[in-house]
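Visitor: Have a peek at run24.txt (compact mmCIF, C-alpha atoms and all ligand atoms).
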# COMPACT_ATOMS: atom_id res chain seq x y z
CA MET A 1 0.00 0.00 0.00
CA ARG A 2 1.55 3.32 -1.11
CA GLY A 3 2.76 5.46 1.80
CA SER A 4 2.17 2.75 4.35
CA ALA A 5 4.78 1.55 6.81
CA ILE A 6 3.41 -1.97 6.67
CA ASP A 7 3.21 -4.56 3.86
CA LEU A 8 1.70 -7.46 5.80
CA ILE A 9 -0.48 -7.61 8.90
CA ALA A 10 -0.84 -10.82 10.89
CA LEU A 11 -3.37 -11.51 13.60
CA ASP A 12 -3.44 -14.13 16.32
CA ALA A 13 -6.70 -16.05 16.61
CA ASP A 14 -7.41 -17.53 20.08
CA ASP A 15 -8.29 -14.88 22.67
CA THR A 16 -7.52 -12.16 20.10
CA LEU A 17 -10.36 -12.64 17.58
CA TRP A 18 -12.51 -15.10 19.48
CA HIS A 19 -13.10 -16.59 22.94
CA ASN A 20 -10.84 -19.53 23.76
CA GLU A 21 -9.36 -19.49 27.26
CA ARG A 22 -12.78 -19.52 28.92
CA SER A 23 -13.37 -22.92 27.32
CA TYR A 24 -10.16 -24.24 28.92
CA ARG A 25 -11.17 -22.73 32.29
CA ALA A 26 -14.57 -24.43 32.07
CA ALA A 27 -12.89 -27.73 31.17
CA ARG A 28 -10.57 -27.41 34.18
CA GLU A 29 -13.60 -26.90 36.42
CA ARG A 30 -15.32 -29.98 35.01
CA PHE A 31 -12.10 -31.93 35.45
CA GLY A 32 -11.93 -30.80 39.10
CA ARG A 33 -15.49 -32.02 39.71
CA LEU A 34 -14.69 -35.32 38.01
CA LEU A 35 -11.66 -35.80 40.27
CA ALA A 36 -13.66 -34.87 43.38
CA VAL A 37 -16.21 -37.57 42.54
CA ALA A 38 -13.29 -39.97 41.97
CA GLY A 39 -12.18 -39.26 45.56
CA VAL A 40 -9.30 -36.82 44.99
CA ALA A 41 -9.21 -34.41 47.95
CA ARG A 42 -7.10 -31.59 46.50
CA SER A 43 -7.88 -27.88 46.18
CA ALA A 44 -8.81 -26.38 42.80
CA ASP A 45 -5.55 -24.36 42.87
CA ASP A 46 -3.57 -27.50 43.56
CA ILE A 47 -5.18 -29.36 40.67
CA ASP A 48 -4.70 -26.35 38.38
CA ALA A 49 -1.01 -26.17 39.28
CA HIS A 50 -0.65 -29.87 38.52
CA ILE A 51 -2.35 -29.49 35.12
CA ASN A 52 -0.14 -26.50 34.26
CA GLU A 53 3.02 -28.36 35.17
CA THR A 54 1.94 -31.36 33.10
CA GLU A 55 1.00 -29.17 30.12
CA LEU A 56 4.38 -27.43 30.14
CA MET A 57 6.20 -30.78 30.33
CA ASN A 58 4.10 -32.05 27.42
CA LEU A 59 4.54 -29.03 25.12
CA PRO A 60 7.73 -30.41 23.50
CA TYR A 61 5.88 -33.66 22.70
CA PHE A 62 2.34 -32.61 21.79
CA GLY A 63 2.52 -28.84 21.21
CA TYR A 64 -0.41 -26.50 21.84
CA GLY A 65 -4.12 -27.11 21.47
CA VAL A 66 -7.00 -29.18 22.77
CA SER A 67 -5.49 -32.61 21.93
CA SER A 68 -2.40 -31.79 23.94
CA PHE A 69 -4.54 -30.39 26.78
CA ALA A 70 -6.67 -33.57 26.85
CA LEU A 71 -3.59 -35.79 27.10
CA SER A 72 -2.35 -33.61 29.97
CA LEU A 73 -5.71 -33.97 31.75
CA ILE A 74 -5.58 -37.76 31.34
CA GLU A 75 -2.01 -37.85 32.61
CA SER A 76 -2.94 -35.61 35.56
CA ALA A 77 -5.98 -37.76 36.39
CA ILE A 78 -3.81 -40.88 36.48
CA ALA A 79 -1.16 -39.18 38.62
CA LEU A 80 -3.57 -37.50 41.06
CA THR A 81 -5.52 -40.76 41.65
CA GLU A 82 -2.28 -42.78 41.81
CA GLY A 83 -3.52 -44.89 38.94
CA ARG A 84 -7.00 -45.53 40.28
CA ILE A 85 -8.96 -43.35 37.82
CA ALA A 86 -11.72 -45.38 36.15
CA ALA A 87 -11.71 -45.94 32.40
CA THR A 88 -15.19 -44.35 32.26
CA ASP A 89 -13.70 -41.16 33.77
CA LEU A 90 -10.92 -41.19 31.18
CA MET A 91 -13.63 -41.54 28.54
CA ASN A 92 -15.35 -38.46 30.03
CA ILE A 93 -12.13 -36.49 29.53
CA VAL A 94 -11.97 -37.61 25.90
CA GLU A 95 -15.61 -36.52 25.47
CA LEU A 96 -14.77 -33.18 27.08
CA ALA A 97 -12.04 -32.66 24.48
CA LYS A 98 -14.43 -33.51 21.63
CA GLU A 99 -16.92 -30.97 22.98
CA MET A 100 -14.18 -28.31 23.13
CA MET A 101 -13.26 -29.11 19.53
CA SER A 102 -16.81 -28.62 18.29
CA GLU A 103 -17.88 -25.56 20.32
CA PRO A 104 -19.25 -22.60 18.37
CA VAL A 105 -16.82 -19.75 17.74
CA GLU A 106 -17.76 -16.47 19.38
CA LEU A 107 -15.99 -13.34 18.11
CA PHE A 108 -15.09 -10.49 20.46
CA ALA A 109 -16.94 -7.19 20.01
CA GLY A 110 -15.53 -5.09 17.17
CA VAL A 111 -13.54 -7.92 15.55
CA ARG A 112 -15.67 -8.27 12.43
CA GLU A 113 -15.49 -4.52 11.74
CA VAL A 114 -11.76 -4.12 12.26
CA VAL A 115 -10.86 -7.26 10.28
CA ASP A 116 -13.07 -6.11 7.38
CA GLU A 117 -11.48 -2.67 7.47
CA LEU A 118 -7.90 -3.97 7.57
CA ALA A 119 -8.57 -6.57 4.86
CA ALA A 120 -9.66 -3.78 2.51
CA SER A 121 -6.19 -2.17 2.66
CA TYR A 122 -3.69 -4.89 3.57
CA PRO A 123 -3.03 -8.57 2.95
CA LEU A 124 -4.00 -10.24 6.21
CA MET A 125 -2.46 -13.37 7.65
CA LEU A 126 -3.74 -15.49 10.52
CA ILE A 127 -0.95 -16.98 12.63
CA THR A 128 -2.10 -19.41 15.29
CA LYS A 129 -0.72 -22.24 17.40
CA GLY A 130 -2.70 -25.41 18.00
CA ASP A 131 -4.21 -28.41 16.27
CA LEU A 132 -4.29 -27.92 12.47
CA LEU A 133 -7.78 -29.36 12.03
CA HIS A 134 -9.28 -27.51 15.01
CA GLN A 135 -7.71 -24.13 14.20
CA THR A 136 -8.76 -24.19 10.54
CA ALA A 137 -12.26 -25.40 11.49
CA LYS A 138 -12.61 -22.48 13.93
CA LEU A 139 -11.56 -20.03 11.22
CA ASP A 140 -14.22 -21.45 8.91
CA ARG A 141 -16.86 -21.29 11.66
CA SER A 142 -15.84 -17.72 12.56
CA GLY A 143 -17.06 -16.39 9.22
CA LEU A 144 -13.73 -14.54 8.80
CA ARG A 145 -12.06 -16.99 6.40
CA SER A 146 -12.45 -14.77 3.33
CA CYS A 147 -10.73 -11.83 5.09
CA PHE A 148 -7.42 -13.71 5.40
CA ARG A 149 -5.19 -14.14 2.39
CA PHE A 150 -2.81 -16.41 4.31
CA VAL A 151 -3.24 -18.86 7.20
CA GLU A 152 -0.34 -20.27 9.18
CA VAL A 153 -0.98 -22.89 11.87
CA VAL A 154 2.35 -23.27 13.65
CA SER A 155 3.68 -25.43 16.47
CA GLN A 156 5.24 -22.51 18.27
CA LYS A 157 5.72 -18.78 17.82
CA THR A 158 9.44 -18.15 18.07
CA PRO A 159 11.51 -15.53 16.20
CA ALA A 160 12.75 -18.36 13.93
CA VAL A 161 9.19 -19.41 13.06
CA TYR A 162 8.20 -15.82 12.26
CA ALA A 163 11.42 -15.33 10.24
CA GLU A 164 10.66 -18.43 8.17
CA ILE A 165 7.10 -17.25 7.43
CA LEU A 166 8.27 -13.75 6.44
CA SER A 167 11.05 -15.05 4.21
CA ARG A 168 8.59 -17.38 2.48
CA HIS A 169 6.35 -14.37 1.78
CA GLY A 170 9.22 -12.04 0.85
CA THR A 171 8.33 -9.56 3.61
CA GLU A 172 10.90 -7.50 5.53
CA PRO A 173 10.39 -7.80 9.31
CA SER A 174 10.44 -3.98 9.57
CA ARG A 175 7.33 -3.89 7.31
CA PHE A 176 5.47 -6.60 9.19
CA LEU A 177 3.00 -6.11 12.04
CA MET A 178 1.62 -8.81 14.33
CA ALA A 179 -1.27 -8.27 16.75
CA GLY A 180 -2.34 -10.64 19.49
CA ASN A 181 -3.16 -11.20 23.13
CA SER A 182 0.01 -13.08 24.06
CA LEU A 183 3.08 -11.06 24.99
CA ARG A 184 5.14 -14.25 24.91
CA SER A 185 3.95 -15.51 21.51
CA ASP A 186 2.58 -12.57 19.52
CA VAL A 187 4.63 -9.60 20.73
CA VAL A 188 8.13 -10.33 22.05
CA PRO A 189 9.38 -12.69 19.27
CA VAL A 190 8.17 -10.28 16.55
CA LEU A 191 9.89 -7.32 18.25
CA GLN A 192 13.07 -9.42 18.58
CA LEU A 193 12.95 -9.99 14.84
CA GLY A 194 12.64 -6.25 14.11
CA GLY A 195 8.91 -6.23 13.34
CA TRP A 196 6.03 -4.22 14.77
CA ALA A 197 3.80 -5.76 17.46
CA VAL A 198 0.48 -4.73 18.94
CA HIS A 199 -0.70 -6.24 22.21
CA VAL A 200 -4.46 -6.67 22.38
CA PRO A 201 -5.26 -7.63 25.98
CA ALA A 202 -7.76 -10.43 26.59
CA HIS A 203 -9.99 -10.73 29.62
CA LEU A 204 -8.59 -14.26 30.09
CA THR A 205 -5.14 -15.39 28.96
CA TRP A 206 -3.33 -18.61 29.90
CA SER A 207 -0.65 -17.81 32.53
CA HIS A 208 2.00 -19.39 30.26
CA GLU A 209 1.46 -16.63 27.67
CA HIS A 210 2.54 -13.75 29.93
CA ALA A 211 5.94 -12.14 29.37
CA ASP A 212 7.69 -8.81 29.89
CA VAL A 213 8.49 -6.67 26.87
CA PRO A 214 12.20 -5.82 27.12
CA GLU A 215 12.70 -2.05 27.45
CA ALA A 216 15.09 -2.02 24.47
CA LEU A 217 12.39 -3.40 22.16
CA THR A 218 9.54 -0.99 22.92
CA GLY A 219 10.18 1.24 19.86
CA ARG A 220 8.00 -0.88 17.60
CA TYR A 221 5.62 -1.98 20.37
CA ARG A 222 2.09 -0.56 20.51
CA PRO A 223 -0.24 -1.72 23.30
CA VAL A 224 -3.93 -1.02 22.70
CA ALA A 225 -6.92 -1.30 25.04
CA ALA A 226 -9.10 -3.13 22.51
CA ILE A 227 -8.82 -4.65 19.04
CA GLY A 228 -10.99 -1.86 17.60
CA GLU A 229 -8.01 0.50 18.00
CA LEU A 230 -5.84 -1.55 15.66
CA SER A 231 -6.59 0.35 12.46
CA THR A 232 -5.92 3.71 14.16
CA VAL A 233 -2.55 2.49 15.46
CA ILE A 234 -1.56 1.20 12.02
CA ARG A 235 -2.50 4.51 10.35
CA GLN A 236 -0.22 6.33 12.80
CA LEU A 237 2.89 4.26 11.95
CA LEU A 238 5.34 6.13 9.76
CA PRO A 239 6.90 4.53 6.68
CA THR A 240 10.38 3.22 7.56
CA HIS A 241 11.66 3.38 3.97
MG MG B 301 -3.94 -15.94 21.53
Would it be possible to restate this file's structure as structure tokens?
Guide:
Amino acid sequence: MRGSAIDLIALDADDTLWHNERSYRAARERFGRLLAVAGVARSADDIDAHINETELMNLPYFGYGVSSFALSLIESAIALTEGRIAATDLMNIVELAKEMMSEPVELFAGVREVVDELAASYPLMLITKGDLLHQTAKLDRSGLRSCFRFVEVVSQKTPAVYAEILSRHGTEPSRFLMAGNSLRSDVVPVLQLGGWAVHVPAHLTWSHEHADVPEALTGRYRPVAAIGELSTVIRQLLPTH
């Protein structure tokens, strides 16, 4: 776009465009009730901490997404009951995962408008972590599929992963902007690469996705209060060359 500082805009999906974390919170609550019935006398915080620890240990094996989460719940159920969890309870966890996979997608307020507006002026890319089938199905169900020229479902969001995507699309990092709710995944790695990053806070974000933005990298960092401010922020960026 002539006169623009940006050639390519990428958006995160979960907890940026649509609700996601609340589904995991609800699943954790159901899991807690299931364990209580199975005779596990542990506090909700205790069980949560155990799930988190298991999920982080499992990330290198199973990555992000509902499938990985479900395996972590099964593993946690086996550990917390010292192997006594019933097969029917394990089946309930599998059912829980299937329900999460098929839930309707609910967009945040203002998303449709801002995505339509940006898509009229820029090529848009969706960059999301998680299960390939689930993430692409959610995009289809969201009604936003036609707004995105490119879709990247990745295993992790590191500077190297972003660099590989940008080189494949022939885009300079300094002319790339990523917006999302995760400081760890959507903001810091893009700033480290020399790109622009907008943090769109979510009401709920998984604790793992928090990070501090290093002071030295704040030059291309733009926090906003809500996703509706994205187009204003982008208009205010000055061309870098
Ligand atoms: Mg997200």
Visitor: Between A:Arg141, A:His169, A:Lys129, A:His208, which one has atoms that come closest to Ser155 of chain A, using only C-alpha atoms?
Guide: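 Smallest distance to Ser155 of chain A is found for A:Lys129.
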Visitor: For ligand MG 301 (chain B), return the neighbouring residues as a VMD selection string (distance at most 6 Å; all atoms listed in the file).
Guide: chain A and resid 12 to 16 180 to 182
Visitor: State, in Å with one decimal place, the distance from atom CA of Val111 of chain A to atom CA of Tyr221 of chain A.
Guide: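 Distance reported for this atom pair: 20.6 Å.
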Visitor: Compile the contact shell of Ser23 of chain A as a list in words: residues with an atom at most 12 Å away, counting all atoms listed in the file, same-chain residues fewer than 6 positions apart removed.
Guide: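 Listed by chain and then number, they are Asp14, Asp15, Glu29, Arg30, Gly65, Val66, Phe69, Leu96, Ala97, Glu99, Met100, Met101, Ser102, Glu103, Pro104, Val105, Glu106, Leu204, Thr205 and Trp206 of chain A.
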Visitor: Would you please work out which residue, of A:Thr81, A:Ser146, A:Ser4, A:Ser207, is nearest to Arg25 of chain A when using only C-alpha atoms?
Guide: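 Of the candidates, the smallest distance to Arg25 of chain A is held by A:Ser207.
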Visitor: Go through A:Met178, A:Val115, A:Cys147, A:Ala109 and flag the residue nearest Ser231 of chain A, using all atoms listed in the file for the distances.
Guide: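 The shortest atom-to-atom distance to Ser231 of chain A comes from A:Val115.
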Visitor: Go through A:Ala10, A:Ile51, A:Ala120, A:Ala44 one by one, measure the shortest atom-to-atom distance of each to Leu166 of chain A using all atoms listed in the file, and give the residue with the smallest value.
Guide: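 Using all atoms listed in the file, the shortest distance to Leu166 of chain A belongs to A:Ala10.
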Visitor: Need the axis-aligned box for segment 152-158 of chain A with 8 Å each side, so what are the centre and edges in Å to one decimal, as AutoDock Vina command-line options?
Guide:
--center_x 4.2 --center_y -21.8 --center_z 13.7 --size_x 26.4 --size_y 23.3 --size_z 25.1
Visitor: List the neighbours of Leu80 of chain A out to 12 Å using all atoms listed in the file; skip same-chain residues closer than 4 positions along the sequence, and give me the result as number ranges by chain.
Guide: A: 31-32, 34-36, 38-43, 46-51, 54, 72-76, 84-85
Visitor: With distances taken over all atoms listed in the file, which of A:Pro223, A:Pro173, A:Gly194, A:Pro201 is nearest to Asp7 of chain A?
Guide: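 Nearest candidate to Asp7 of chain A out of A:Pro223, A:Pro173, A:Gly194, A:Pro201: A:Pro173.
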Visitor: Please provide as a ChimeraX atom specification all residues within 12 Å of Glu164 of chain A, with the sequence filter that same-chain residues fewer than 4 positions apart are discarded (counting all atoms listed in the file).
Guide: /A:152,154,157-160,168-173,190,193
Visitor: Would you mind reading off the distance between atom CA of Leu183 of chain A and atom CA of Ile9 of chain A, one decimal, in Å?
Guide: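 Computed distance, atom CA of Leu183 of chain A to atom CA of Ile9 of chain A, equals 16.8 Å.
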Visitor: Record the distance separating atom CA of Met125 of chain A and atom CA of Val151 of chain A, expressed in Å with one decimal.
Guide: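 Result for atom CA of Met125 of chain A versus atom CA of Val151 of chain A: 5.6 Å, one decimal.
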Visitor: Counting all atoms listed in the file, which of A:Ile227, A:Ser174, A:Glu209, A:Arg222 gets nearest to Ala197 of chain A?
Guide: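 Closest residue, counting all atoms listed in the file: A:Arg222.
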Visitor: Could you complete segment 144-155 of chain A so that it carries all heavy atoms, and give it back as a PDB file, in the frame of the given file?
Guide:
ATOM      1  N   LEU A 144     -14.775 -15.508   9.191  1.00  0.00           N
ATOM      2  CA  LEU A 144     -13.730 -14.540   8.800  1.00  0.00           C
ATOM      3  C   LEU A 144     -12.793 -15.092   7.725  1.00  0.00           C
ATOM      4  O   LEU A 144     -11.858 -14.397   7.311  1.00  0.00           O
ATOM      5  CB  LEU A 144     -12.888 -14.148  10.023  1.00  0.00           C
ATOM      6  CG  LEU A 144     -13.600 -13.435  11.176  1.00  0.00           C
ATOM      7  CD1 LEU A 144     -12.632 -13.253  12.353  1.00  0.00           C
ATOM      8  CD2 LEU A 144     -14.131 -12.081  10.725  1.00  0.00           C
ATOM      9  N   ARG A 145     -13.020 -16.327   7.285  1.00  0.00           N
ATOM     10  CA  ARG A 145     -12.060 -16.990   6.400  1.00  0.00           C
ATOM     11  C   ARG A 145     -11.689 -16.137   5.177  1.00  0.00           C
ATOM     12  O   ARG A 145     -10.529 -16.045   4.808  1.00  0.00           O
ATOM     13  CB  ARG A 145     -12.630 -18.343   5.944  1.00  0.00           C
ATOM     14  CG  ARG A 145     -11.687 -19.169   5.087  1.00  0.00           C
ATOM     15  CD  ARG A 145     -10.500 -19.626   5.923  1.00  0.00           C
ATOM     16  NE  ARG A 145      -9.472 -20.295   5.159  1.00  0.00           N
ATOM     17  CZ  ARG A 145      -8.516 -19.658   4.473  1.00  0.00           C
ATOM     18  NH1 ARG A 145      -8.491 -18.343   4.443  1.00  0.00           N
ATOM     19  NH2 ARG A 145      -7.589 -20.335   3.843  1.00  0.00           N
ATOM     20  N   SER A 146     -12.702 -15.507   4.581  1.00  0.00           N
ATOM     21  CA  SER A 146     -12.450 -14.770   3.330  1.00  0.00           C
ATOM     22  C   SER A 146     -11.641 -13.500   3.554  1.00  0.00           C
ATOM     23  O   SER A 146     -11.144 -12.902   2.600  1.00  0.00           O
ATOM     24  CB  SER A 146     -13.774 -14.435   2.645  1.00  0.00           C
ATOM     25  OG  SER A 146     -14.516 -13.575   3.493  1.00  0.00           O
ATOM     26  N   CYS A 147     -11.498 -13.053   4.799  1.00  0.00           N
ATOM     27  CA  CYS A 147     -10.730 -11.830   5.090  1.00  0.00           C
ATOM     28  C   CYS A 147      -9.227 -12.108   5.112  1.00  0.00           C
ATOM     29  O   CYS A 147      -8.418 -11.188   5.019  1.00  0.00           O
ATOM     30  CB  CYS A 147     -11.122 -11.255   6.444  1.00  0.00           C
ATOM     31  SG  CYS A 147     -12.851 -10.798   6.549  1.00  0.00           S
ATOM     32  N   PHE A 148      -8.849 -13.382   5.255  1.00  0.00           N
ATOM     33  CA  PHE A 148      -7.420 -13.710   5.400  1.00  0.00           C
ATOM     34  C   PHE A 148      -6.869 -14.295   4.116  1.00  0.00           C
ATOM     35  O   PHE A 148      -7.375 -15.289   3.593  1.00  0.00           O
ATOM     36  CB  PHE A 148      -7.220 -14.704   6.563  1.00  0.00           C
ATOM     37  CG  PHE A 148      -7.423 -14.060   7.901  1.00  0.00           C
ATOM     38  CD1 PHE A 148      -8.659 -14.120   8.539  1.00  0.00           C
ATOM     39  CD2 PHE A 148      -6.391 -13.354   8.510  1.00  0.00           C
ATOM     40  CE1 PHE A 148      -8.858 -13.499   9.757  1.00  0.00           C
ATOM     41  CE2 PHE A 148      -6.582 -12.727   9.735  1.00  0.00           C
ATOM     42  CZ  PHE A 148      -7.822 -12.804  10.365  1.00  0.00           C
ATOM     43  N   ARG A 149      -5.813 -13.626   3.600  1.00  0.00           N
ATOM     44  CA  ARG A 149      -5.190 -14.140   2.390  1.00  0.00           C
ATOM     45  C   ARG A 149      -4.322 -15.353   2.715  1.00  0.00           C
ATOM     46  O   ARG A 149      -4.179 -16.264   1.918  1.00  0.00           O
ATOM     47  CB  ARG A 149      -4.339 -13.044   1.731  1.00  0.00           C
ATOM     48  CG  ARG A 149      -3.975 -13.399   0.301  1.00  0.00           C
ATOM     49  CD  ARG A 149      -3.262 -12.280  -0.410  1.00  0.00           C
ATOM     50  NE  ARG A 149      -4.033 -11.033  -0.472  1.00  0.00           N
ATOM     51  CZ  ARG A 149      -3.546  -9.908  -0.968  1.00  0.00           C
ATOM     52  NH1 ARG A 149      -2.306  -9.868  -1.441  1.00  0.00           N
ATOM     53  NH2 ARG A 149      -4.281  -8.815  -1.000  1.00  0.00           N
ATOM     54  N   PHE A 150      -3.718 -15.326   3.914  1.00  0.00           N
ATOM     55  CA  PHE A 150      -2.810 -16.410   4.310  1.00  0.00           C
ATOM     56  C   PHE A 150      -3.175 -16.940   5.693  1.00  0.00           C
ATOM     57  O   PHE A 150      -3.589 -16.164   6.555  1.00  0.00           O
ATOM     58  CB  PHE A 150      -1.354 -15.919   4.351  1.00  0.00           C
ATOM     59  CG  PHE A 150      -0.929 -15.143   3.144  1.00  0.00           C
ATOM     60  CD1 PHE A 150      -0.719 -13.770   3.211  1.00  0.00           C
ATOM     61  CD2 PHE A 150      -0.736 -15.788   1.926  1.00  0.00           C
ATOM     62  CE1 PHE A 150      -0.319 -13.048   2.093  1.00  0.00           C
ATOM     63  CE2 PHE A 150      -0.339 -15.077   0.799  1.00  0.00           C
ATOM     64  CZ  PHE A 150      -0.128 -13.699   0.887  1.00  0.00           C
ATOM     65  N   VAL A 151      -2.999 -18.241   5.888  1.00  0.00           N
ATOM     66  CA  VAL A 151      -3.240 -18.860   7.200  1.00  0.00           C
ATOM     67  C   VAL A 151      -2.043 -19.727   7.553  1.00  0.00           C
ATOM     68  O   VAL A 151      -1.634 -20.579   6.760  1.00  0.00           O
ATOM     69  CB  VAL A 151      -4.519 -19.722   7.186  1.00  0.00           C
ATOM     70  CG1 VAL A 151      -4.734 -20.395   8.540  1.00  0.00           C
ATOM     71  CG2 VAL A 151      -5.737 -18.879   6.812  1.00  0.00           C
ATOM     72  N   GLU A 152      -1.476 -19.477   8.713  1.00  0.00           N
ATOM     73  CA  GLU A 152      -0.340 -20.270   9.180  1.00  0.00           C
ATOM     74  C   GLU A 152      -0.683 -20.885  10.533  1.00  0.00           C
ATOM     75  O   GLU A 152      -0.871 -20.162  11.517  1.00  0.00           O
ATOM     76  CB  GLU A 152       0.911 -19.374   9.356  1.00  0.00           C
ATOM     77  CG  GLU A 152       1.397 -18.706   8.078  1.00  0.00           C
ATOM     78  CD  GLU A 152       2.255 -19.631   7.210  1.00  0.00           C
ATOM     79  OE1 GLU A 152       2.628 -20.720   7.710  1.00  0.00           O
ATOM     80  OE2 GLU A 152       2.537 -19.268   6.062  1.00  0.00           O
ATOM     81  N   VAL A 153      -0.808 -22.197  10.587  1.00  0.00           N
ATOM     82  CA  VAL A 153      -0.980 -22.890  11.870  1.00  0.00           C
ATOM     83  C   VAL A 153       0.390 -23.447  12.236  1.00  0.00           C
ATOM     84  O   VAL A 153       0.926 -24.288  11.515  1.00  0.00           O
ATOM     85  CB  VAL A 153      -2.027 -24.008  11.800  1.00  0.00           C
ATOM     86  CG1 VAL A 153      -2.199 -24.665  13.166  1.00  0.00           C
ATOM     87  CG2 VAL A 153      -3.368 -23.462  11.310  1.00  0.00           C
ATOM     88  N   VAL A 154       0.959 -22.937  13.310  1.00  0.00           N
ATOM     89  CA  VAL A 154       2.350 -23.270  13.650  1.00  0.00           C
ATOM     90  C   VAL A 154       2.403 -24.012  14.986  1.00  0.00           C
ATOM     91  O   VAL A 154       1.471 -23.958  15.787  1.00  0.00           O
ATOM     92  CB  VAL A 154       3.212 -21.989  13.719  1.00  0.00           C
ATOM     93  CG1 VAL A 154       3.290 -21.318  12.354  1.00  0.00           C
ATOM     94  CG2 VAL A 154       2.668 -21.003  14.760  1.00  0.00           C
ATOM     95  N   SER A 155       3.518 -24.686  15.213  1.00  0.00           N
ATOM     96  CA  SER A 155       3.680 -25.430  16.470  1.00  0.00           C
ATOM     97  C   SER A 155       4.103 -24.520  17.600  1.00  0.00           C
ATOM     98  O   SER A 155       3.817 -24.770  18.767  1.00  0.00           O
ATOM     99  CB  SER A 155       4.716 -26.537  16.297  1.00  0.00           C
ATOM    100  OG  SER A 155       4.267 -27.449  15.336  1.00  0.00           O
TER     101      SER A 155
END
